[in-house]
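This is protein01.cif (mmCIF, C-alpha atoms).
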```cif
data_model
loop_
_atom_site.label_atom_id
_atom_site.label_comp_id
_atom_site.auth_asym_id
_atom_site.auth_seq_id
_atom_site.Cartn_x
_atom_site.Cartn_y
_atom_site.Cartn_z
CA MET A 1 -4.11 -5.89 20.98
CA VAL A 2 -4.43 -2.13 20.95
CA ARG A 3 -2.48 -1.96 24.18
CA LYS A 4 0.21 -4.18 22.70
CA PHE A 5 0.55 -1.90 19.68
CA ALA A 6 0.60 1.22 21.80
CA LEU A 7 3.21 -0.31 24.06
CA ALA A 8 5.39 -1.18 21.11
CA ALA A 9 5.05 2.34 19.77
CA MET A 10 5.88 3.86 23.14
CA LEU A 11 8.88 1.60 23.47
CA ALA A 12 10.06 2.63 20.03
CA LEU A 13 9.61 6.27 20.94
CA SER A 14 11.49 5.82 24.15
CA VAL A 15 14.35 4.05 22.43
CA LEU A 16 14.54 6.59 19.69
CA GLY A 17 14.20 9.66 21.80
CA GLY A 18 11.01 11.13 20.40
CA VAL A 19 9.36 11.91 17.12
CA ALA A 20 11.26 12.88 14.03
CA GLU A 21 9.47 16.04 13.02
CA ALA A 22 12.11 18.51 14.19
CA GLN A 23 15.17 16.46 13.32
CA GLU A 24 17.04 15.96 10.10
CA THR A 25 16.12 12.77 8.33
CA THR A 26 17.66 10.76 5.53
CA LEU A 27 15.93 8.46 3.07
CA ALA A 28 17.08 4.86 3.18
CA PHE A 29 15.67 1.51 2.11
CA TYR A 30 15.17 -1.59 4.20
CA LEU A 31 13.98 -5.15 3.75
CA VAL A 32 12.09 -6.12 6.90
CA ASP A 33 9.60 -8.61 8.28
CA LYS A 34 5.86 -8.08 8.26
CA ILE A 35 4.21 -7.80 11.68
CA GLY A 36 0.66 -7.22 12.89
CA THR A 37 -2.59 -9.11 13.03
CA GLY A 38 -4.46 -7.26 10.29
CA SER A 39 -6.86 -5.29 12.45
CA ARG A 40 -6.82 -1.57 11.69
CA VAL A 41 -5.04 -0.65 14.93
CA ASP A 42 -2.64 -3.56 14.60
CA ALA A 43 -2.42 -3.53 10.82
CA PHE A 44 0.13 -5.56 8.93
CA ARG A 45 3.10 -3.23 8.74
CA PRO A 46 6.89 -3.19 8.44
CA GLU A 47 8.58 -4.31 11.62
CA TYR A 48 10.37 -1.57 13.60
CA ILE A 49 9.74 1.19 11.05
CA GLY A 50 5.97 0.85 11.23
CA ASP A 51 6.08 1.62 14.94
CA ILE A 52 8.24 4.75 14.82
CA ALA A 53 5.87 7.60 15.59
CA GLY A 54 6.24 10.52 13.25
CA ALA A 55 8.39 8.75 10.69
CA GLN A 56 7.53 9.20 7.04
CA TRP A 57 7.77 6.00 5.07
CA SER A 58 6.28 4.02 2.20
CA ALA A 59 6.30 0.26 1.86
CA MET A 60 5.34 -2.63 -0.36
CA ASP A 61 4.69 -6.11 0.92
CA LEU A 62 5.55 -9.30 -0.90
CA GLY A 63 1.92 -10.22 -1.37
CA ILE A 64 0.87 -12.47 1.45
CA GLU A 65 4.49 -13.42 2.17
CA PRO A 66 5.89 -11.96 5.40
CA SER A 67 8.25 -9.31 4.00
CA PHE A 68 8.20 -5.58 3.25
CA ILE A 69 10.51 -3.40 1.19
CA VAL A 70 10.45 0.03 2.83
CA GLY A 71 11.68 3.48 1.95
CA ALA A 72 11.83 5.59 5.10
CA ASN A 73 13.01 9.04 6.10
CA LEU A 74 14.62 8.39 9.47
CA THR A 75 16.82 10.31 11.85
CA ALA A 76 20.33 9.03 12.41
CA ALA A 77 19.25 7.46 15.70
CA GLN A 78 16.23 5.79 14.14
CA HIS A 79 18.31 4.52 11.23
CA ALA A 80 20.88 3.11 13.63
CA PHE A 81 18.15 1.44 15.65
CA VAL A 82 16.53 -0.21 12.63
CA SER A 83 19.81 -1.18 10.98
CA SER A 84 21.06 -2.80 14.15
CA GLN A 85 18.31 -5.39 14.08
CA SER A 86 19.58 -8.78 12.97
CA ASP A 87 16.49 -9.47 10.85
CA VAL A 88 16.71 -6.22 8.87
CA PHE A 89 18.58 -5.85 5.59
CA THR A 90 19.62 -2.22 5.18
CA PHE A 91 20.50 -1.07 1.70
CA PRO A 92 23.59 1.09 1.21
CA ALA A 93 23.52 4.13 -1.11
CA ILE A 94 21.23 2.93 -3.84
CA ASP A 95 23.36 3.88 -6.85
CA ALA A 96 26.45 2.11 -5.59
CA ALA A 97 27.34 -1.36 -6.82
CA VAL A 98 26.85 -4.36 -4.59
CA GLY A 99 30.52 -5.30 -4.88
CA GLY A 100 32.13 -8.61 -4.02
CA ASN A 101 31.95 -10.93 -1.07
CA PRO A 102 30.98 -11.04 1.69
CA THR A 103 28.34 -8.43 0.74
CA LEU A 104 27.39 -10.20 -2.47
CA ASN A 105 26.67 -13.52 -0.79
CA ARG A 106 24.93 -11.85 2.10
CA THR A 107 22.66 -10.01 -0.31
CA ARG A 108 21.83 -13.09 -2.34
CA ASN A 109 21.06 -15.03 0.83
CA ALA A 110 18.92 -12.25 2.28
CA LEU A 111 16.76 -12.22 -0.83
CA GLU A 112 16.54 -15.99 -1.29
CA GLN A 113 15.59 -16.50 2.36
CA ARG A 114 12.55 -14.32 1.67
CA ASN A 115 11.70 -16.16 -1.56
CA ILE A 116 12.91 -13.28 -3.70
CA PRO A 117 15.23 -14.39 -6.51
CA GLY A 118 18.76 -13.32 -5.61
CA ALA A 119 21.12 -15.52 -7.58
CA TRP A 120 21.08 -13.04 -10.47
CA VAL A 121 22.72 -10.31 -8.35
CA GLY A 122 26.35 -9.70 -9.33
CA ALA A 123 29.18 -7.53 -8.04
CA ALA A 124 28.41 -4.83 -10.62
CA THR A 125 24.67 -4.81 -9.91
CA THR A 126 23.54 -1.59 -8.27
CA TRP A 127 21.39 -1.51 -5.19
CA ARG A 128 18.80 0.39 -7.21
CA GLN A 129 18.57 -2.62 -9.54
CA VAL A 130 18.22 -4.97 -6.59
CA ILE A 131 15.43 -2.90 -5.04
CA GLY A 132 13.73 -2.62 -8.43
CA GLU A 133 13.62 -6.38 -8.76
CA ILE A 134 12.24 -6.71 -5.24
CA ILE A 135 9.50 -4.21 -6.09
CA ARG A 136 8.58 -6.10 -9.26
CA ASN A 137 8.35 -9.33 -7.30
CA CYS A 138 6.17 -7.54 -4.75
CA LEU A 139 3.79 -6.41 -7.48
CA VAL A 140 3.53 -9.90 -8.98
CA LEU A 141 2.82 -11.51 -5.63
CA GLN A 142 0.45 -8.71 -4.63
CA ARG A 143 -1.58 -9.17 -7.78
CA LEU A 144 -1.55 -12.94 -7.26
CA PHE A 145 -3.07 -12.32 -3.85
CA GLY A 146 -5.50 -9.78 -5.24
CA LEU A 147 -6.75 -12.02 -8.01
CA HIS A 148 -6.69 -15.41 -6.36
CA ARG A 149 -6.11 -14.86 -2.62
CA SER A 150 -3.39 -17.43 -2.98
CA ARG A 151 0.14 -17.77 -1.72
CA LEU A 152 2.96 -18.64 -4.12
CA PHE A 153 5.17 -20.07 -1.40
CA PRO A 154 3.15 -22.28 0.92
CA PRO A 155 5.21 -24.61 3.10
CA GLY A 156 7.27 -26.92 0.94
CA VAL A 157 7.38 -24.64 -2.09
CA SER A 158 10.52 -22.66 -2.88
CA LEU A 159 11.91 -20.62 -5.74
CA ASP A 160 13.41 -23.81 -7.15
CA SER A 161 10.19 -25.81 -7.04
CA ALA A 162 8.31 -26.68 -10.23
CA PRO A 163 4.92 -24.98 -10.26
CA THR A 164 1.73 -26.96 -10.58
CA GLN A 165 -0.51 -26.23 -13.54
CA GLY A 166 -2.85 -24.41 -11.16
CA VAL A 167 -0.09 -22.13 -9.92
CA LEU A 168 1.08 -21.54 -13.46
CA ASP A 169 -2.44 -20.57 -14.52
CA GLN A 170 -2.57 -18.06 -11.68
CA LEU A 171 0.80 -16.58 -12.61
CA SER A 172 -0.48 -16.33 -16.16
CA ASP A 173 -3.51 -14.39 -14.92
CA VAL A 174 -1.18 -12.03 -13.06
CA GLY A 175 0.95 -11.49 -16.14
CA GLU A 176 -2.06 -10.82 -18.33
CA SER A 177 -3.47 -8.36 -15.80
CA PHE A 178 -0.25 -6.36 -16.17
CA GLY A 179 -0.36 -6.62 -19.96
CA LEU A 180 2.67 -8.92 -20.09
CA ASN A 181 3.51 -11.70 -22.53
CA VAL A 182 2.88 -14.95 -20.66
CA SER A 183 3.61 -17.37 -23.49
CA GLY A 184 6.93 -18.45 -21.98
CA LEU A 185 5.51 -19.54 -18.63
CA SER A 186 5.85 -23.29 -18.20
CA ILE A 187 5.52 -26.04 -15.64
CA GLY A 188 8.86 -27.19 -17.01
CA LEU A 189 10.51 -24.15 -15.44
CA THR A 190 11.06 -23.38 -11.78
CA VAL A 191 8.99 -20.85 -9.89
CA ARG A 192 12.09 -18.65 -9.96
CA ASP A 193 12.36 -18.74 -13.75
CA ASN A 194 8.65 -18.15 -14.24
CA LEU A 195 8.76 -15.14 -11.93
CA GLN A 196 11.69 -13.71 -13.79
CA LEU A 197 9.93 -14.18 -17.13
CA LEU A 198 7.29 -11.80 -15.79
CA THR A 199 9.41 -9.28 -13.91
CA VAL A 200 11.85 -8.78 -16.78
CA GLN A 201 8.98 -7.32 -18.82
CA MET A 202 7.84 -4.91 -16.15
CA GLY A 203 8.68 -1.25 -16.02
CA SER A 204 9.90 1.22 -13.45
CA TYR A 205 8.13 1.94 -10.21
CA SER A 206 8.20 4.53 -7.49
CA LEU A 207 8.93 3.90 -3.85
CA ALA A 208 9.47 6.73 -1.39
CA GLY A 209 10.15 9.18 -4.17
CA GLU A 210 12.79 7.11 -5.96
CA MET A 211 12.26 5.34 -9.28
CA PHE A 212 13.35 1.74 -9.53
CA MET B 213 -16.92 13.14 -12.01
CA ALA B 214 -19.49 12.75 -9.28
CA SER B 215 -20.08 14.70 -6.11
CA ASP B 216 -22.24 14.77 -3.03
CA ASP B 217 -22.68 17.73 -0.68
CA PHE B 218 -24.76 15.62 1.71
CA ASN B 219 -27.23 18.47 2.08
CA ARG B 220 -30.30 16.47 2.90
CA ALA B 221 -32.23 15.11 5.83
CA ASN B 222 -30.47 13.40 8.68
CA GLY B 223 -30.23 9.64 8.33
CA GLY B 224 -28.61 7.12 6.02
CA LEU B 225 -26.35 8.14 3.16
CA GLY B 226 -28.97 7.25 0.58
CA ALA B 227 -29.30 4.91 -2.37
CA ASN B 228 -26.21 6.22 -4.15
CA TRP B 229 -23.98 4.88 -1.42
CA THR B 230 -23.15 1.31 -0.43
CA VAL B 231 -22.11 0.99 3.20
CA GLN B 232 -19.18 -1.39 3.52
CA ASN B 233 -18.75 -1.28 7.27
CA GLY B 234 -20.28 0.64 10.16
CA SER B 235 -23.07 3.18 9.90
CA LEU B 236 -21.87 6.47 8.44
CA ALA B 237 -24.84 8.81 8.49
CA ILE B 238 -25.85 12.29 7.51
CA VAL B 239 -26.10 14.73 10.41
CA SER B 240 -26.62 18.44 9.82
CA ASN B 241 -25.81 18.26 6.11
CA ALA B 242 -22.50 16.41 6.52
CA VAL B 243 -21.39 12.81 7.06
CA ASN B 244 -20.78 11.80 10.63
CA SER B 245 -19.14 8.76 12.10
CA GLY B 246 -22.14 6.85 13.31
CA THR B 247 -20.49 4.47 15.72
CA SER B 248 -17.74 5.29 18.16
CA ALA B 249 -14.32 3.78 17.44
CA VAL B 250 -15.41 1.73 14.46
CA ASP B 251 -13.83 1.92 11.03
CA GLU B 252 -16.70 2.89 8.77
CA GLN B 253 -16.61 3.02 4.99
CA ALA B 254 -19.06 3.52 2.15
CA PHE B 255 -18.57 3.78 -1.61
CA TYR B 256 -20.45 5.63 -4.31
CA ASN B 257 -22.32 3.04 -6.32
CA VAL B 258 -23.62 5.04 -9.26
CA GLY B 259 -21.94 4.85 -12.64
CA VAL B 260 -19.10 2.84 -14.10
CA TRP B 261 -15.76 3.90 -12.74
CA SER B 262 -12.39 3.77 -14.36
CA ASN B 263 -9.69 1.90 -12.50
CA ASP B 264 -7.85 5.23 -12.36
CA GLN B 265 -9.84 7.37 -9.95
CA SER B 266 -9.70 9.74 -7.01
CA SER B 267 -11.81 10.50 -3.98
CA GLN B 268 -11.72 13.69 -1.91
CA VAL B 269 -13.58 15.16 1.04
CA THR B 270 -13.45 18.18 3.29
CA GLN B 271 -12.24 17.10 6.70
CA VAL B 272 -13.84 18.35 9.91
CA LEU B 273 -12.70 16.78 13.17
CA THR B 274 -13.61 17.66 16.71
CA ALA B 275 -11.23 15.27 18.46
CA SER B 276 -7.60 14.56 17.75
CA SER B 277 -8.00 10.81 18.05
CA SER B 278 -10.75 10.60 15.46
CA PHE B 279 -10.20 10.15 11.76
CA VAL B 280 -11.83 10.79 8.44
CA GLY B 281 -10.66 9.88 4.98
CA THR B 282 -11.46 8.57 1.56
CA THR B 283 -11.23 5.30 -0.29
CA VAL B 284 -10.55 4.26 -3.87
CA ARG B 285 -11.18 0.98 -5.72
CA ALA B 286 -13.73 0.04 -3.09
CA SER B 287 -16.01 -2.95 -3.45
CA GLY B 288 -17.81 -5.51 -1.32
CA THR B 289 -19.37 -5.19 2.09
CA GLY B 290 -18.66 -6.54 5.55
CA GLY B 291 -15.97 -9.17 5.51
CA SER B 292 -15.74 -8.95 1.73
CA SER B 293 -14.92 -5.25 1.75
CA GLN B 294 -11.80 -4.09 -0.01
CA HIS B 295 -10.28 -0.74 -0.90
CA TYR B 296 -7.30 1.55 -0.55
CA MET B 297 -7.97 3.99 2.26
CA LEU B 298 -6.53 7.36 3.22
CA ILE B 299 -7.04 8.29 6.84
CA ALA B 300 -6.13 11.58 8.44
CA ASN B 301 -6.63 13.50 11.62
CA ASP B 302 -5.86 17.08 12.52
CA VAL B 303 -2.97 16.37 14.88
CA ASN B 304 -0.16 14.41 13.39
CA PHE B 305 -1.07 11.53 11.18
CA THR B 306 -1.94 10.61 7.65
CA ALA B 307 -1.70 7.07 6.41
CA VAL B 308 -2.71 4.83 3.55
CA TYR B 309 -4.08 1.39 4.26
CA ARG B 310 -5.15 -1.49 2.06
CA LEU B 311 -8.15 -3.54 3.21
CA VAL B 312 -8.46 -7.00 1.67
CA SER B 313 -9.82 -10.23 3.13
CA ASN B 314 -10.75 -8.53 6.38
CA SER B 315 -7.15 -7.46 6.97
CA TYR B 316 -5.62 -4.00 6.94
CA THR B 317 -2.10 -3.43 5.66
CA LEU B 318 -0.39 -0.12 6.40
CA LEU B 319 1.32 1.06 3.20
CA SER B 320 2.57 4.47 4.22
CA SER B 321 2.68 6.90 7.08
CA ALA B 322 3.49 10.58 7.14
CA TYR B 323 3.75 13.10 9.91
CA SER B 324 1.29 15.56 8.52
CA GLN B 325 -1.43 17.77 9.88
CA PRO B 326 -4.31 18.49 7.54
CA ALA B 327 -6.16 21.31 9.27
CA ASP B 328 -9.88 21.25 9.80
CA GLY B 329 -11.47 22.33 6.57
CA SER B 330 -8.70 20.82 4.49
CA VAL B 331 -9.60 18.98 1.32
CA ILE B 332 -7.89 15.59 1.50
CA LYS B 333 -7.68 13.34 -1.52
CA LEU B 334 -6.51 9.85 -2.42
CA ASP B 335 -5.72 9.22 -6.07
CA VAL B 336 -4.88 5.93 -7.80
CA ALA B 337 -3.54 5.45 -11.32
CA VAL B 338 -2.67 1.92 -12.43
CA THR B 339 -0.52 0.85 -9.43
CA THR B 340 0.42 4.32 -8.14
CA LEU B 341 -1.30 5.94 -5.15
CA ARG B 342 -0.95 9.58 -4.14
CA VAL B 343 -2.23 11.60 -1.17
CA TYR B 344 -3.06 15.30 -1.31
CA ASP B 345 -3.87 17.95 1.29
CA ASP B 346 -5.45 21.02 -0.29
CA GLY B 347 -3.92 20.06 -3.62
CA VAL B 348 -0.40 19.55 -2.30
CA GLN B 349 0.96 16.01 -2.36
CA ILE B 350 1.78 14.55 1.06
CA GLY B 351 4.64 12.09 1.07
CA SER B 352 5.75 10.38 -2.09
CA ASP B 353 4.11 8.09 -4.62
CA LEU B 354 3.16 4.62 -3.41
CA SER B 355 3.02 1.49 -5.50
CA ASP B 356 0.64 -1.37 -4.83
CA GLY B 357 -0.81 -4.05 -7.07
CA VAL B 358 -3.40 -5.93 -5.03
CA ILE B 359 -6.68 -4.16 -5.85
CA ALA B 360 -7.32 -3.57 -9.52
CA SER B 361 -10.78 -2.03 -9.63
CA GLY B 362 -13.71 -0.64 -7.66
CA ASN B 363 -15.41 2.63 -6.80
CA PRO B 364 -14.38 5.75 -4.84
CA GLY B 365 -15.73 6.22 -1.35
CA ILE B 366 -15.47 7.72 2.11
CA TYR B 367 -14.21 6.75 5.55
CA GLY B 368 -14.75 7.84 9.15
CA ASN B 369 -13.81 6.67 12.61
CA GLY B 370 -15.06 8.57 15.61
CA SER B 371 -12.50 7.12 17.98
CA ALA B 372 -13.17 9.89 20.46
CA GLY B 373 -16.91 9.35 20.36
CA THR B 374 -19.82 9.35 18.01
CA GLY B 375 -19.92 12.50 15.95
CA THR B 376 -16.29 13.48 16.41
CA ALA B 377 -15.34 12.67 12.82
CA THR B 378 -17.19 14.59 10.15
CA LEU B 379 -16.62 14.88 6.43
CA ASP B 380 -18.34 16.90 3.76
CA ALA B 381 -18.28 17.85 0.09
CA TRP B 382 -17.22 14.54 -1.44
CA VAL B 383 -15.93 14.53 -5.02
CA GLY B 384 -14.99 11.43 -6.97
CA THR B 385 -13.28 11.51 -10.32
CA GLY B 386 -12.81 8.81 -12.88
CA ASP B 387 -10.17 8.48 -15.54
CA ALA B 388 -8.68 11.73 -16.85
CA GLY B 389 -11.93 13.59 -16.47
CA VAL B 390 -13.87 11.03 -18.50
CA ALA B 391 -15.89 9.62 -15.65
CA PHE B 392 -18.69 7.18 -16.24
CA MET B 393 -17.48 6.25 -19.72
CA PRO B 394 -17.28 2.47 -19.79
CA ARG B 395 -14.08 1.29 -21.39
CA PRO B 396 -14.64 -2.37 -22.20
CA GLY B 397 -11.54 -4.47 -22.02
CA LEU B 398 -9.41 -1.92 -20.21
CA PHE B 399 -7.74 -3.42 -17.23
CA ILE B 400 -4.99 -2.39 -14.95
CA GLY B 401 -1.60 -2.36 -16.59
CA GLN B 402 -2.88 -2.66 -20.12
CA ALA B 403 -1.67 0.71 -21.30
CA VAL B 404 1.66 0.48 -19.59
CA ASN B 405 5.05 0.53 -21.18
CA ARG B 406 8.46 0.04 -19.67
CA ALA B 407 9.06 3.74 -19.20
CA SER B 408 5.94 4.39 -17.21
CA THR B 409 5.24 4.32 -13.52
CA PHE B 410 2.61 1.69 -12.93
#
```

Would you write out, as structure tokens, the structure that this file holds?
Amino acid sequence: MVRKFALAAMLALSVLGGVAEAQETTLAFYLVDKIGTGSRVDAFRPEYIGDIAGAQWSAMDLGIEPSFIVGANLTAAQHAFVSSQSDVFTFPAIDAAVGGNPTLNRTRNALEQRNIPGAWVGAATTWRQVIGEIIRNCLVLQRLFGLHRSRLFPPGVSLDSAPTQGVLDQLSDVGESFGLNVSGLSIGLTVRDNLQLLTVQMGSYSLAGEMF
Amino acid sequence: MASDDFNRANGGLGANWTVQNGSLAIVSNAVNSGTSAVDEQAFYNVGVWSNDQSSQVTQVLTASSSFVGTTVRASGTGGSSQHYMLIANDVNFTAVYRLVSNSYTLLSSAYSQPADGSVIKLDVAVTTLRVYDDGVQIGSDLSDGVIASGNPGIYGNGSAGTGTATLDAWVGTGDAGVAFMPRPGLFIGQAVNRASTF
């Protein structure tokens, strides 16, 4: 496993032409898959970015779900490499608006495919707002994992599923641990609506030096 | 605040420390990685710690592939161990990991070179983690919500051989300088408002 990780890192280095320390870098944000086995040398980490030697980045995972939101300072070559991957969603300048189709639909789909609510995103929504909502979902699902070691989206459960009472109780625990009002949570609402009842109450958070 | 200079006889860390993994031990008045290439952690078990806390050590490494570091919100042992963990070496790497359910998750990486003798620190406040090298923040703030409570601790990995990762002069702080004051009912996120970073 160590050899596999080292090989991946070497490959990344080879592709990218070396470490980033002496080159100009730019901060950008990416939504990527989670890779790794969980050992320390093959830790769960953001795909592609986590294997770029010398890169400075910060990431949040979507609890136990297989996604990371990442803020990374990458060289132009590294950014091009990561952005060219078909399974990576690269965010444009974060204070710009999403705009119309096809970007709007692509964004909504990219979020929903990762069980992150995306239907709320509109043409006037800024990328900073989108990333902020991803971060808040990450925190809710992280705390769910931390408190109950449970997964909100096991096979067969989607954003539009109705939660069981057990799931609702766990979401309530998460909300209370963040000091949120959980009185509106209901098994009569979808998982999506219950998540949004929590995230709408949450504040601003920092990722890679930006507030969202 | 609590501290430990580890100035005592060679051997185990003592009753104030709970070993989570490995066999960190005192050698020549400092803490040494006891087992080659094993991630070893221990947390300070005396007192009641605020959820907002920090842990710092002086780093001394004799091999570039070995690591030392600190942990915050540590609890449990063996397969039940959990914590946030800063690891550093003196060549090119600092990183923050989360250990939960026997699995490590890499939360950040920075190309940074704390020199031997540097004081490295990991700080956590509500859901924000920060890394410092001699008082200067490395990288930017991190946010993570998995681990809500625990104690500060230490970490070592003598990847290059037993005794190649040494740390000394540990200091742990609680909440805003009010360490060891139990605050019944306070839990992560309670004091947060929409304008804050949590």

Distance of atom CA of B:Pro364 from atom CA of B:Ser330, expressed in Å to one decimal place: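 Those two atoms sit 18.6 Å apart.
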
Which of these residues is nearest to chain B, using all atoms listed in the file: A:Ala119, A:Leu139, A:Ala72, A:Val191? A:Leu139

Return the neighbours of chain B among the residues of chain A, cut-off 9 Å, counting all atoms listed in the file, as a ChimeraX atom specification. /A:20-21,36-46,50,53-61,63,135,138-147,149,176-180,201-211

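Considering the residues B:Gly370, B:Val272, B:Leu334, B:Ser240 and counting only C-alpha atoms, B:Arg220 has its shortest atom-to-atom contact with B:Ser240.
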
Kindly give the distance, in Å, that separates atom CA of B:Val383 and atom CA of B:Asn244, rounded to a single decimal.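 One can read the atom CA of B:Val383 to atom CA of B:Asn244 distance as 16.6 Å.
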
Here's the selection I'm unsure about, the PyMOL selection byres ((chain B and resi 222-234) around 10); applied to the file above, which residues does it give, as a PyMOL selection string? chain B and resi 216+218-221+235-259+286-295+365-369
